[in-house]
>>> print(open('start.cif').read())   # mmCIF, C-alpha atoms and all ligand atoms
data_upload
loop_
_atom_site.label_atom_id
_atom_site.label_comp_id
_atom_site.auth_asym_id
_atom_site.auth_seq_id
_atom_site.Cartn_x
_atom_site.Cartn_y
_atom_site.Cartn_z
CA MET A 1 0.00 0.00 0.00
CA ASN A 2 1.64 3.28 -0.95
CA VAL A 3 1.64 6.33 1.29
CA LEU A 4 -1.14 8.09 -0.62
CA LYS A 5 -3.42 5.08 -0.46
CA ARG A 6 -2.66 4.66 3.22
CA CYS A 7 -3.59 8.30 3.84
CA ILE A 8 -6.87 7.92 1.96
CA TYR A 9 -7.65 4.80 3.96
CA GLY A 10 -6.86 6.66 7.17
CA ILE A 11 -9.12 9.57 6.15
CA SER A 12 -12.02 7.31 5.19
CA ILE A 13 -12.18 6.07 8.74
CA ILE A 14 -11.18 9.38 10.25
CA SER A 15 -14.27 9.67 12.40
CA ILE A 16 -12.84 7.03 14.67
CA ALA A 17 -9.24 8.15 14.64
CA SER A 18 -7.68 11.22 16.16
CA MET A 19 -7.34 14.08 13.69
CA ASN A 20 -3.54 13.90 13.85
CA VAL A 21 -3.31 10.53 12.09
CA GLN A 22 0.16 10.34 10.61
CA CYS A 23 0.46 8.17 7.56
CA LYS A 24 4.10 7.44 8.20
CA GLY A 25 4.41 3.78 8.92
CA ASP A 26 2.55 0.51 8.89
CA LYS A 27 2.21 0.53 12.67
CA LYS A 28 -0.09 3.56 12.67
CA VAL A 29 -2.27 2.03 9.93
CA GLU A 30 -2.64 -1.17 11.93
CA GLU A 31 -3.77 0.73 15.01
CA THR A 32 -6.27 2.69 12.97
CA THR A 33 -7.68 -0.50 11.43
CA THR A 34 -8.25 -2.01 14.85
CA GLU A 35 -10.06 1.12 15.95
CA ALA A 36 -12.15 1.03 12.77
CA LYS A 37 -13.38 -2.45 13.65
CA ALA A 38 -14.55 -1.25 17.03
CA THR A 39 -16.64 1.48 15.44
CA GLU A 40 -18.04 -0.09 12.25
CA VAL A 41 -20.89 1.93 10.85
CA VAL A 42 -23.15 -1.11 10.49
CA THR A 43 -22.48 -4.11 12.73
CA ILE A 44 -23.49 -7.77 12.49
CA GLU A 45 -23.85 -10.02 15.48
CA LYS A 46 -24.47 -13.74 15.23
CA SER A 47 -26.24 -15.78 17.89
CA ALA A 48 -27.70 -19.27 18.19
CA TYR A 49 -31.45 -19.19 17.53
CA GLY A 50 -32.52 -22.81 17.94
CA THR A 51 -32.31 -26.36 16.63
CA THR A 52 -34.79 -28.04 14.30
CA PRO A 53 -36.18 -31.50 15.19
CA LYS A 54 -33.76 -32.86 12.54
CA GLY A 55 -30.86 -31.40 14.55
CA GLU A 56 -30.08 -28.48 12.22
CA LYS A 57 -28.64 -25.48 14.04
CA ILE A 58 -30.41 -22.22 13.22
CA ASP A 59 -28.59 -18.93 13.71
CA SER A 60 -29.85 -15.40 14.01
CA TYR A 61 -27.94 -12.38 12.69
CA LYS A 62 -28.57 -8.87 13.92
CA LEU A 63 -27.56 -6.07 11.53
CA LYS A 64 -27.53 -2.69 13.23
CA ASN A 65 -26.70 0.76 11.92
CA GLN A 66 -26.06 4.09 13.61
CA LYS A 67 -29.42 5.61 12.64
CA GLY A 68 -31.53 3.46 14.91
CA MET A 69 -32.37 0.69 12.43
CA GLU A 70 -31.78 -2.95 13.20
CA VAL A 71 -32.84 -6.11 11.42
CA ASP A 72 -32.74 -9.70 12.64
CA ILE A 73 -32.52 -12.50 10.09
CA ILE A 74 -32.66 -16.20 10.87
CA THR A 75 -31.17 -18.92 8.70
CA TYR A 76 -34.48 -20.82 8.78
CA GLY A 77 -36.38 -19.56 5.72
CA GLY A 78 -34.11 -16.48 5.53
CA ILE A 79 -36.83 -14.96 7.69
CA ILE A 80 -36.69 -11.33 8.85
CA SER A 81 -37.76 -12.02 12.42
CA SER A 82 -37.50 -8.42 13.57
CA LEU A 83 -37.05 -5.00 11.98
CA LYS A 84 -36.82 -1.91 14.12
CA VAL A 85 -36.84 1.63 12.79
CA PRO A 86 -37.19 5.03 14.47
CA ASN A 87 -40.47 6.94 14.61
CA LYS A 88 -40.68 10.73 14.28
CA ALA A 89 -39.62 11.11 17.93
CA GLY A 90 -36.52 9.04 17.19
CA LYS A 91 -37.76 5.96 19.05
CA SER A 92 -36.82 2.66 17.38
CA GLU A 93 -39.63 0.12 17.44
CA GLU A 94 -40.68 -3.13 15.80
CA VAL A 95 -42.43 -2.74 12.43
CA VAL A 96 -42.78 -6.34 11.18
CA ILE A 97 -45.00 -9.17 12.29
CA GLY A 98 -43.03 -12.05 13.76
CA PHE A 99 -42.72 -14.68 16.45
CA ASN A 100 -40.19 -15.06 19.19
CA SER A 101 -39.20 -18.71 18.77
CA LEU A 102 -38.08 -21.16 16.11
CA ASP A 103 -40.80 -23.60 17.21
CA GLN A 104 -43.44 -21.05 16.32
CA TYR A 105 -41.86 -20.29 12.91
CA MET A 106 -41.82 -24.01 12.18
CA LYS A 107 -45.58 -24.30 12.72
CA ALA A 108 -47.95 -23.39 9.88
CA ASN A 109 -48.06 -19.63 9.32
CA PRO A 110 -48.64 -17.36 6.32
CA TYR A 111 -44.95 -16.89 5.41
CA PHE A 112 -44.17 -14.33 8.13
CA GLY A 113 -40.99 -12.47 7.07
CA ALA A 114 -39.84 -15.33 4.84
CA LEU A 115 -38.00 -15.66 1.57
CA ILE A 116 -40.32 -17.01 -1.09
CA GLY A 117 -39.27 -19.33 -3.92
CA ARG A 118 -38.83 -21.01 -6.28
CA TYR A 119 -41.98 -19.30 -7.56
CA GLY A 120 -43.64 -16.46 -5.60
CA ASN A 121 -47.45 -16.36 -5.70
CA ARG A 122 -49.71 -18.78 -7.56
CA ILE A 123 -49.32 -21.19 -10.45
CA ALA A 124 -52.71 -22.29 -11.78
CA LYS A 125 -53.63 -25.83 -10.78
CA GLY A 126 -49.95 -26.36 -9.95
CA LYS A 127 -49.07 -27.13 -13.55
CA PHE A 128 -46.80 -25.59 -16.16
CA THR A 129 -45.04 -26.78 -19.28
CA LEU A 130 -41.46 -26.20 -20.42
CA ASP A 131 -40.24 -27.48 -23.80
CA GLY A 132 -43.32 -29.68 -24.12
CA LYS A 133 -42.87 -31.35 -20.74
CA GLN A 134 -45.52 -30.78 -18.12
CA TYR A 135 -44.47 -30.28 -14.49
CA SER A 136 -46.84 -30.82 -11.54
CA LEU A 137 -46.50 -29.01 -8.25
CA ALA A 138 -48.17 -29.66 -4.90
CA ILE A 139 -51.60 -28.02 -4.61
CA ASN A 140 -51.05 -26.14 -1.35
CA ASN A 141 -53.62 -23.40 -2.00
CA ASP A 142 -56.53 -25.30 -3.42
CA PRO A 143 -56.80 -25.54 -6.44
CA ASN A 144 -53.41 -23.87 -7.07
CA ALA A 145 -49.75 -23.97 -6.08
CA LEU A 146 -48.63 -21.07 -3.89
CA HIS A 147 -45.22 -19.62 -2.97
CA GLY A 148 -43.01 -22.48 -4.16
CA GLY A 149 -44.78 -25.33 -2.36
CA PRO A 150 -45.29 -26.60 1.17
CA GLU A 151 -41.59 -26.30 2.05
CA GLY A 152 -40.61 -23.82 -0.69
CA PHE A 153 -37.65 -21.68 0.33
CA HIS A 154 -39.43 -20.48 3.48
CA ARG A 155 -39.06 -23.71 5.48
CA VAL A 156 -35.52 -24.67 4.53
CA VAL A 157 -32.20 -23.90 6.18
CA TRP A 158 -29.96 -21.38 4.41
CA THR A 159 -26.22 -21.05 4.96
CA ALA A 160 -24.96 -17.57 5.78
CA GLU A 161 -21.87 -15.49 5.18
CA GLU A 162 -21.27 -12.04 6.65
CA ALA A 163 -19.72 -9.15 4.74
CA LYS A 164 -18.93 -5.66 6.02
CA GLY A 165 -17.71 -2.61 4.25
CA GLY A 166 -18.16 1.12 3.92
CA ASP A 167 -21.49 2.31 5.23
CA SER A 168 -23.20 -1.07 5.20
CA ALA A 169 -23.13 -4.69 6.31
CA SER A 170 -24.52 -7.70 4.49
CA LEU A 171 -25.67 -11.19 5.17
CA LYS A 172 -25.39 -13.43 2.12
CA LEU A 173 -27.66 -16.48 2.35
CA LYS A 174 -27.32 -19.51 0.13
CA TYR A 175 -29.65 -22.38 -0.65
CA VAL A 176 -29.35 -25.09 -3.29
CA SER A 177 -32.75 -26.34 -4.43
CA LYS A 178 -32.38 -29.79 -5.96
CA ASP A 179 -33.62 -30.87 -9.37
CA MET A 180 -37.36 -31.66 -9.03
CA GLU A 181 -37.52 -30.37 -5.45
CA GLU A 182 -41.14 -29.26 -4.94
CA GLY A 183 -41.70 -30.40 -8.56
CA TYR A 184 -39.46 -27.78 -10.26
CA PRO A 185 -36.82 -28.87 -12.78
CA GLY A 186 -33.12 -28.04 -12.42
CA ASN A 187 -30.65 -27.72 -9.57
CA LEU A 188 -31.07 -24.06 -8.64
CA THR A 189 -28.34 -22.31 -6.65
CA VAL A 190 -29.83 -19.30 -4.93
CA PHE A 191 -28.17 -16.43 -3.09
CA VAL A 192 -30.12 -13.77 -1.24
CA THR A 193 -28.08 -10.92 0.21
CA TYR A 194 -29.63 -8.64 2.80
CA THR A 195 -27.67 -5.38 3.13
CA LEU A 196 -28.38 -2.84 5.83
CA ASN A 197 -27.17 0.64 4.90
CA ASN A 198 -26.64 3.57 7.19
CA ASP A 199 -29.41 5.57 5.46
CA ASN A 200 -32.04 3.23 6.94
CA SER A 201 -32.50 1.18 3.79
CA LEU A 202 -32.45 -2.58 3.60
CA ASP A 203 -31.46 -3.96 0.20
CA VAL A 204 -32.43 -7.46 -0.85
CA LEU A 205 -30.40 -8.85 -3.74
CA TYR A 206 -31.61 -12.11 -5.24
CA GLU A 207 -29.33 -14.21 -7.48
CA ALA A 208 -29.82 -17.66 -8.98
CA THR A 209 -28.41 -20.02 -11.59
CA THR A 210 -29.75 -23.34 -12.85
CA ASP A 211 -28.45 -26.41 -14.67
CA LYS A 212 -31.80 -27.04 -16.45
CA LYS A 213 -34.48 -24.76 -17.84
CA THR A 214 -36.77 -23.75 -14.98
CA VAL A 215 -39.00 -20.92 -13.70
CA VAL A 216 -37.95 -18.49 -10.95
CA ASN A 217 -39.80 -15.70 -9.15
CA LEU A 218 -38.26 -14.81 -5.79
CA THR A 219 -39.63 -12.37 -3.24
CA GLN A 220 -39.71 -11.36 0.42
CA HIS A 221 -42.83 -11.79 2.55
CA SER A 222 -42.52 -9.37 5.48
CA TYR A 223 -45.76 -8.05 6.96
CA PHE A 224 -45.33 -4.41 7.97
CA ASN A 225 -47.23 -2.36 10.50
CA LEU A 226 -45.46 0.98 10.62
CA SER A 227 -47.37 2.09 13.72
CA SER A 228 -45.59 -0.68 15.67
CA ASP A 229 -48.93 -1.31 17.39
CA PHE A 230 -49.79 -4.79 16.18
CA SER A 231 -53.16 -4.73 17.88
CA LYS A 232 -54.21 -2.09 15.31
CA PRO A 233 -55.17 -2.83 11.68
CA ILE A 234 -53.14 -1.15 8.97
CA LEU A 235 -56.22 0.49 7.41
CA ASP A 236 -55.05 4.04 8.03
CA HIS A 237 -51.64 3.51 6.42
CA GLU A 238 -51.43 5.60 3.24
CA ILE A 239 -50.21 3.64 0.25
CA THR A 240 -48.88 4.75 -3.09
CA ILE A 241 -48.17 2.37 -5.95
CA ASP A 242 -46.57 3.66 -9.11
CA SER A 243 -48.86 1.72 -11.38
CA ASP A 244 -51.49 2.45 -14.01
CA LYS A 245 -52.55 -1.16 -14.37
CA LEU A 246 -53.71 -4.09 -12.31
CA VAL A 247 -53.38 -7.83 -12.90
CA PRO A 248 -57.01 -8.85 -12.25
CA VAL A 249 -57.69 -12.35 -10.93
CA ASP A 250 -60.38 -15.01 -11.07
CA ALA A 251 -62.12 -16.48 -8.02
CA THR A 252 -59.05 -18.65 -7.24
CA LEU A 253 -56.73 -15.60 -7.45
CA ILE A 254 -55.21 -16.66 -10.78
CA PRO A 255 -54.72 -13.82 -13.30
CA THR A 256 -57.34 -13.65 -16.02
CA GLY A 257 -54.57 -12.64 -18.44
CA GLU A 258 -55.78 -9.06 -18.94
CA LEU A 259 -54.08 -5.99 -17.52
CA THR A 260 -56.71 -3.41 -16.57
CA ASP A 261 -56.59 0.36 -16.05
CA VAL A 262 -56.77 1.37 -12.36
CA THR A 263 -58.43 4.73 -13.12
CA ASN A 264 -61.67 5.19 -11.13
CA THR A 265 -61.22 1.91 -9.28
CA PRO A 266 -60.26 1.14 -5.64
CA PHE A 267 -56.92 0.00 -7.10
CA ASP A 268 -55.73 3.48 -8.05
CA PHE A 269 -52.88 4.26 -5.61
CA ARG A 270 -51.05 6.66 -7.89
CA LYS A 271 -51.82 9.32 -5.28
CA ALA A 272 -51.44 8.37 -1.60
CA LYS A 273 -54.61 6.76 -0.29
CA ALA A 274 -55.45 5.02 2.99
CA VAL A 275 -55.72 1.24 2.74
CA GLY A 276 -59.16 1.51 4.33
CA ALA A 277 -60.45 4.27 2.02
CA ALA A 278 -61.94 1.94 -0.56
CA ILE A 279 -61.27 -1.57 0.73
CA GLY A 280 -64.97 -1.93 1.60
CA ALA A 281 -66.18 -0.76 -1.82
CA LYS A 282 -68.48 -2.97 -3.86
CA ASP A 283 -65.95 -4.22 -6.34
CA ASP A 284 -65.61 -7.60 -7.96
CA GLN A 285 -61.81 -7.71 -7.62
CA LEU A 286 -61.90 -6.70 -3.95
CA LYS A 287 -64.49 -9.39 -3.38
CA LYS A 288 -62.28 -12.03 -4.99
CA GLY A 289 -59.22 -10.96 -3.00
CA LEU A 290 -61.21 -10.47 0.22
CA GLY A 291 -59.54 -7.07 0.15
CA TYR A 292 -56.26 -6.14 -1.56
CA ASP A 293 -54.40 -9.24 -2.65
CA HIS A 294 -53.32 -8.33 -6.16
CA CYS A 295 -50.34 -7.71 -8.34
CA TRP A 296 -49.93 -4.24 -9.83
CA VAL A 297 -48.09 -3.72 -13.12
CA LEU A 298 -45.36 -1.26 -12.16
CA ASN A 299 -44.76 1.76 -14.36
CA ASN A 300 -41.42 2.62 -15.97
CA GLN A 301 -40.33 -0.99 -16.42
CA ASP A 302 -37.81 0.13 -19.04
CA LYS A 303 -36.00 2.16 -16.35
CA GLY A 304 -35.01 -0.95 -14.37
CA TYR A 305 -34.43 -0.18 -10.70
CA ARG A 306 -36.84 2.58 -9.65
CA PHE A 307 -39.44 3.70 -7.10
CA ALA A 308 -42.34 1.23 -6.89
CA ALA A 309 -44.50 1.91 -3.84
CA SER A 310 -44.66 3.51 -0.43
CA ALA A 311 -46.54 3.25 2.85
CA TYR A 312 -46.91 6.01 5.42
CA ASP A 313 -48.26 5.94 8.95
CA ALA A 314 -49.07 9.48 10.13
CA GLY A 315 -49.19 8.54 13.84
CA SER A 316 -45.60 7.34 14.01
CA GLY A 317 -44.45 9.45 11.05
CA ARG A 318 -42.80 6.37 9.52
CA LEU A 319 -42.52 6.23 5.75
CA LEU A 320 -41.49 3.09 3.88
CA GLU A 321 -40.46 3.41 0.25
CA VAL A 322 -39.95 0.35 -1.93
CA TYR A 323 -37.61 0.38 -4.92
CA THR A 324 -37.21 -2.49 -7.35
CA ASP A 325 -36.27 -3.60 -10.85
CA GLN A 326 -39.17 -6.08 -10.91
CA PRO A 327 -42.19 -5.60 -13.22
CA GLY A 328 -44.82 -6.12 -10.50
CA ILE A 329 -45.69 -5.72 -6.85
CA GLN A 330 -48.19 -7.74 -4.84
CA PHE A 331 -49.94 -5.57 -2.30
CA TYR A 332 -51.57 -7.84 0.25
CA SER A 333 -53.58 -6.25 3.05
CA GLY A 334 -53.31 -9.16 5.51
CA ASN A 335 -56.83 -10.38 4.74
CA PHE A 336 -56.22 -13.91 5.98
CA LEU A 337 -54.78 -12.92 9.36
CA ASP A 338 -57.45 -14.25 11.67
CA GLY A 339 -56.38 -13.81 15.29
CA THR A 340 -55.00 -17.31 15.69
CA LEU A 341 -51.24 -16.69 15.63
CA PRO A 342 -49.43 -15.36 18.70
CA MET A 343 -47.83 -11.93 18.87
CA ARG A 344 -44.36 -11.68 20.41
CA ASN A 345 -45.54 -10.28 23.75
CA GLY A 346 -49.01 -11.72 24.16
CA GLY A 347 -52.19 -11.37 22.16
CA THR A 348 -52.73 -12.57 18.59
CA TYR A 349 -52.33 -11.09 15.11
CA ALA A 350 -55.83 -10.04 14.06
CA HIS A 351 -57.35 -9.35 10.64
CA ARG A 352 -55.28 -6.83 8.63
CA THR A 353 -52.73 -6.00 11.32
CA GLY A 354 -49.95 -6.18 8.71
CA PHE A 355 -49.51 -5.66 4.97
CA CYS A 356 -47.03 -7.04 2.44
CA LEU A 357 -45.40 -5.33 -0.53
CA GLU A 358 -43.93 -8.23 -2.49
CA THR A 359 -41.90 -7.19 -5.52
CA GLN A 360 -42.16 -9.88 -8.18
CA HIS A 361 -43.15 -11.02 -11.64
CA TYR A 362 -46.88 -11.43 -12.17
CA PRO A 363 -48.58 -14.51 -10.72
CA ASP A 364 -48.93 -17.58 -12.94
CA SER A 365 -46.49 -16.18 -15.52
CA PRO A 366 -45.38 -19.70 -16.60
CA ASN A 367 -48.92 -20.17 -17.99
CA GLN A 368 -49.46 -16.67 -19.36
CA LYS A 369 -47.82 -16.14 -22.72
CA ASP A 370 -48.22 -12.35 -22.69
CA PHE A 371 -46.63 -11.77 -19.26
CA PRO A 372 -42.90 -11.05 -18.90
CA SER A 373 -41.09 -14.39 -18.81
CA THR A 374 -39.97 -16.06 -15.58
CA ILE A 375 -37.95 -18.74 -17.36
CA LEU A 376 -34.32 -19.18 -16.35
CA ASN A 377 -32.00 -21.11 -18.66
CA PRO A 378 -28.67 -22.73 -17.84
CA GLY A 379 -25.88 -20.17 -18.31
CA GLU A 380 -28.17 -17.24 -17.42
CA ASN A 381 -27.93 -15.29 -14.17
CA TYR A 382 -31.12 -14.38 -12.34
CA LYS A 383 -30.32 -11.13 -10.56
CA THR A 384 -32.80 -8.69 -9.10
CA LYS A 385 -32.77 -6.07 -6.37
CA THR A 386 -35.40 -4.59 -4.09
CA SER A 387 -34.84 -2.02 -1.38
CA PHE A 388 -36.98 -1.07 1.62
CA LYS A 389 -36.10 2.47 2.66
CA PHE A 390 -37.37 3.95 5.92
CA SER A 391 -37.60 7.60 6.95
CA VAL A 392 -39.94 9.86 8.91
CA LYS A 393 -42.03 12.81 7.89
C1 LIG B 401 -50.74 -13.93 -1.32
C2 LIG B 401 -51.98 -14.18 -0.49
C3 LIG B 401 -51.66 -15.16 0.57
C4 LIG B 401 -50.53 -14.59 1.39
C5 LIG B 401 -50.13 -15.45 2.54
C6 LIG B 401 -49.66 -13.42 -0.43
O1 LIG B 401 -48.50 -13.25 -1.13
O2 LIG B 401 -50.98 -13.04 -2.35
O3 LIG B 401 -53.04 -14.62 -1.28
O4 LIG B 401 -52.76 -15.42 1.38
O5 LIG B 401 -49.42 -14.37 0.58
O6 LIG B 401 -50.19 -16.75 2.26
#
>>> encode(input="start.cif", output="structure tokens")
Amino acid sequence: MNVLKRCIYGISIISIASMNVQCKGDKKVEETTTEAKATEVVTIEKSAYGTTPKGEKIDSYKLKNQKGMEVDIITYGGIISSLKVPNKAGKSEEVVIGFNSLDQYMKANPYFGALIGRYGNRIAKGKFTLDGKQYSLAINNDPNALHGGPEGFHRVVWTAEEAKGGDSASLKLKYVSKDMEEGYPGNLTVFVTYTLNNDNSLDVLYEATTDKKTVVNLTQHSYFNLSSDFSKPILDHEITIDSDKLVPVDATLIPTGELTDVTNTPFDFRKAKAVGAAIGAKDDQLKKGLGYDHCWVLNNQDKGYRFAASAYDAGSGRLLEVYTDQPGIQFYSGNFLDGTLPMRNGGTYAHRTGFCLETQHYPDSPNQKDFPSTILNPGENYKTKTSFKFSVK
């Protein structure tokens, strides 16, 4: 390392070093590096979380920045088990639905905080065809296949690697889904990297490769309640979705194949609107979804990574903005939460006490010739990024 480089390195971590850092010898640089470790901008801490009945050890990783945001991720399902962000008074509080034990995560639950794959959302009747060969998936959401199958990627154990650098820290999770696992062809190697930045954004980078033609649609299934009061429904959260068009569904929540204009419908979120403002309207699509449970066609798809949606809770002042390069976003208003699953500190999660914003390709794309393709071929890299950015206003 030459003297200039050493000086630059010293300056980049100057906040932790005394202002009279002398870039004269290796000794000084070593001392500075040690000090830098003690004051990393975003830290990661690993702890044991539990053991599955099969004897697999599950770890939890806490990523914490200096702006009051912390996120806990467990290696079971790559689940975000906790996400704390400051409110307008600067108080950091929980904003995602979750449990406080591995046992509870291992029981049936609607994908709380989990990574979803190999195919997010529904595939009609659990069947699709690639190169003339029909594949059959488990029907776990009668009469369709949902979220990659009964085990999917949400009930498997991921391996984890930590990475730190600059103003962020990352946890890179890996899972290899075997050829024909859950009925999908091809050995699929998947990496999901969660990165916490010091601007209160959490990036989720999804990567995958296959050795046989397959379909892939990965997403994240956190349920947010920005008020942090999980006894309250999310109906007064104001949502925006940068979308002119909806993917309407049939009675089994499979897309009809059309893309319809949101103008003058309860699905128009181009201007901020409370979840509850029109959720009770007499509307065929709302009836089918039992509320909002639809995929929106995001605008500006040619721009790649861009603003997609936001949610704002006036009480706490918390604003969540979602950015993605995906063509769609599933906005799900927690319609199936029914007061049966336990909250962390007593009580149960009632109807609509959390909402999901799942960036993704449109549901049932493998059977819809006019939808953007979800096929992944050998030699291709599946790579997509979504970011959840928190602030107050
Ligand atoms: C789906 C819902 C489903 C929920 C939990 C969402 O992604 O759109 O229909 O009930 O996940 O299972």
>>> residues_near_ligand(input="start.cif", ligand="ligand LIG 401 (chain B)", cutoff="7 Å", atoms="all atoms listed in the file", output="list in words")
Pro110, Tyr111, Asn121, His221, Asp293, His294, Gln330, Tyr332, Phe336 and Glu358 of chain A
>>> write_last_selection(input="start.cif", atoms="C-alpha atoms", output="compact mmCIF listing (two decimals), in the coordinates of the input")
# COMPACT_ATOMS: atom_id res chain seq x y z
CA PRO A 110 -48.64 -17.36 6.32
CA TYR A 111 -44.95 -16.89 5.41
CA ASN A 121 -47.45 -16.36 -5.70
CA HIS A 221 -42.83 -11.79 2.55
CA ASP A 293 -54.40 -9.24 -2.65
CA HIS A 294 -53.32 -8.33 -6.16
CA GLN A 330 -48.19 -7.74 -4.84
CA TYR A 332 -51.57 -7.84 0.25
CA PHE A 336 -56.22 -13.91 5.98
CA GLU A 358 -43.93 -8.23 -2.49
>>> closest_residue(input="start.cif", among="A:Lys282, A:Leu196, A:Glu40, A:Ala163", to="Leu83 (chain A)", atoms="only C-alpha atoms")
A:Leu196
>>> closest_residue(input="start.cif", among="A:Thr348, A:Thr193, A:Gln66, A:Thr214", to="Lys232 (chain A)", atoms="only C-alpha atoms")
A:Thr348
>>> residues_around(input="start.cif", residues="Ser387 (chain A)", least_positions_apart="4", cutoff="6 Å", atoms="all atoms listed in the file", output="list in words")
Leu202, Asp203, Val204, Val322 and Tyr323 of chain A
>>> closest_residue(input="start.cif", among="A:Phe307, A:Phe128, A:Tyr312, A:Tyr194", to="Ile44 (chain A)", atoms="all atoms listed in the file")
A:Tyr194
>>> atom_distance(input="start.cif", atom1="CA of Glu181 (chain A)", atom2="CA of Gly334 (chain A)")
28.6 Å
>>> closest_residue(input="start.cif", among="A:His351, A:Lys107, A:Lys288, A:Lys383", to="Thr324 (chain A)", atoms="only C-alpha atoms")
A:Lys383
>>> atom_distance(input="start.cif", atom1="CA of Arg270 (chain A)", atom2="CA of Ser243 (chain A)")
6.4 Å
>>> residues_around(input="start.cif", residues="region 87-92 of chain A", least_positions_apart="3", cutoff="12 Å", atoms="all atoms listed in the file", output="count of residues only")
29
>>> closest_residue(input="start.cif", among="A:Asp59, A:Glu94, A:Asp179, A:Asp131", to="Phe224 (chain A)", atoms="only C-alpha atoms")
A:Glu94
>>> decode(input="start.cif", residues="region 276-299 of chain A", atoms="C-alpha atoms", output="mmCIF file, in the first residue's frame")
data_model
loop_
_atom_site.group_PDB
_atom_site.id
_atom_site.type_symbol
_atom_site.label_atom_id
_atom_site.label_comp_id
_atom_site.auth_asym_id
_atom_site.auth_seq_id
_atom_site.Cartn_x
_atom_site.Cartn_y
_atom_site.Cartn_z
ATOM 1 C CA GLY A 276 -59.160 1.512 4.329
ATOM 2 C CA ALA A 277 -60.448 4.270 2.023
ATOM 3 C CA ALA A 278 -61.938 1.936 -0.564
ATOM 4 C CA ILE A 279 -61.274 -1.571 0.728
ATOM 5 C CA GLY A 280 -64.966 -1.929 1.601
ATOM 6 C CA ALA A 281 -66.176 -0.762 -1.825
ATOM 7 C CA LYS A 282 -68.480 -2.972 -3.855
ATOM 8 C CA ASP A 283 -65.955 -4.221 -6.339
ATOM 9 C CA ASP A 284 -65.605 -7.603 -7.964
ATOM 10 C CA GLN A 285 -61.812 -7.714 -7.625
ATOM 11 C CA LEU A 286 -61.896 -6.699 -3.947
ATOM 12 C CA LYS A 287 -64.487 -9.392 -3.377
ATOM 13 C CA LYS A 288 -62.280 -12.027 -4.990
ATOM 14 C CA GLY A 289 -59.221 -10.963 -3.005
ATOM 15 C CA LEU A 290 -61.207 -10.474 0.217
ATOM 16 C CA GLY A 291 -59.535 -7.065 0.154
ATOM 17 C CA TYR A 292 -56.261 -6.139 -1.559
ATOM 18 C CA ASP A 293 -54.396 -9.241 -2.652
ATOM 19 C CA HIS A 294 -53.324 -8.332 -6.156
ATOM 20 C CA CYS A 295 -50.344 -7.712 -8.341
ATOM 21 C CA TRP A 296 -49.931 -4.242 -9.827
ATOM 22 C CA VAL A 297 -48.093 -3.715 -13.118
ATOM 23 C CA LEU A 298 -45.364 -1.264 -12.155
ATOM 24 C CA ASN A 299 -44.760 1.760 -14.360
#
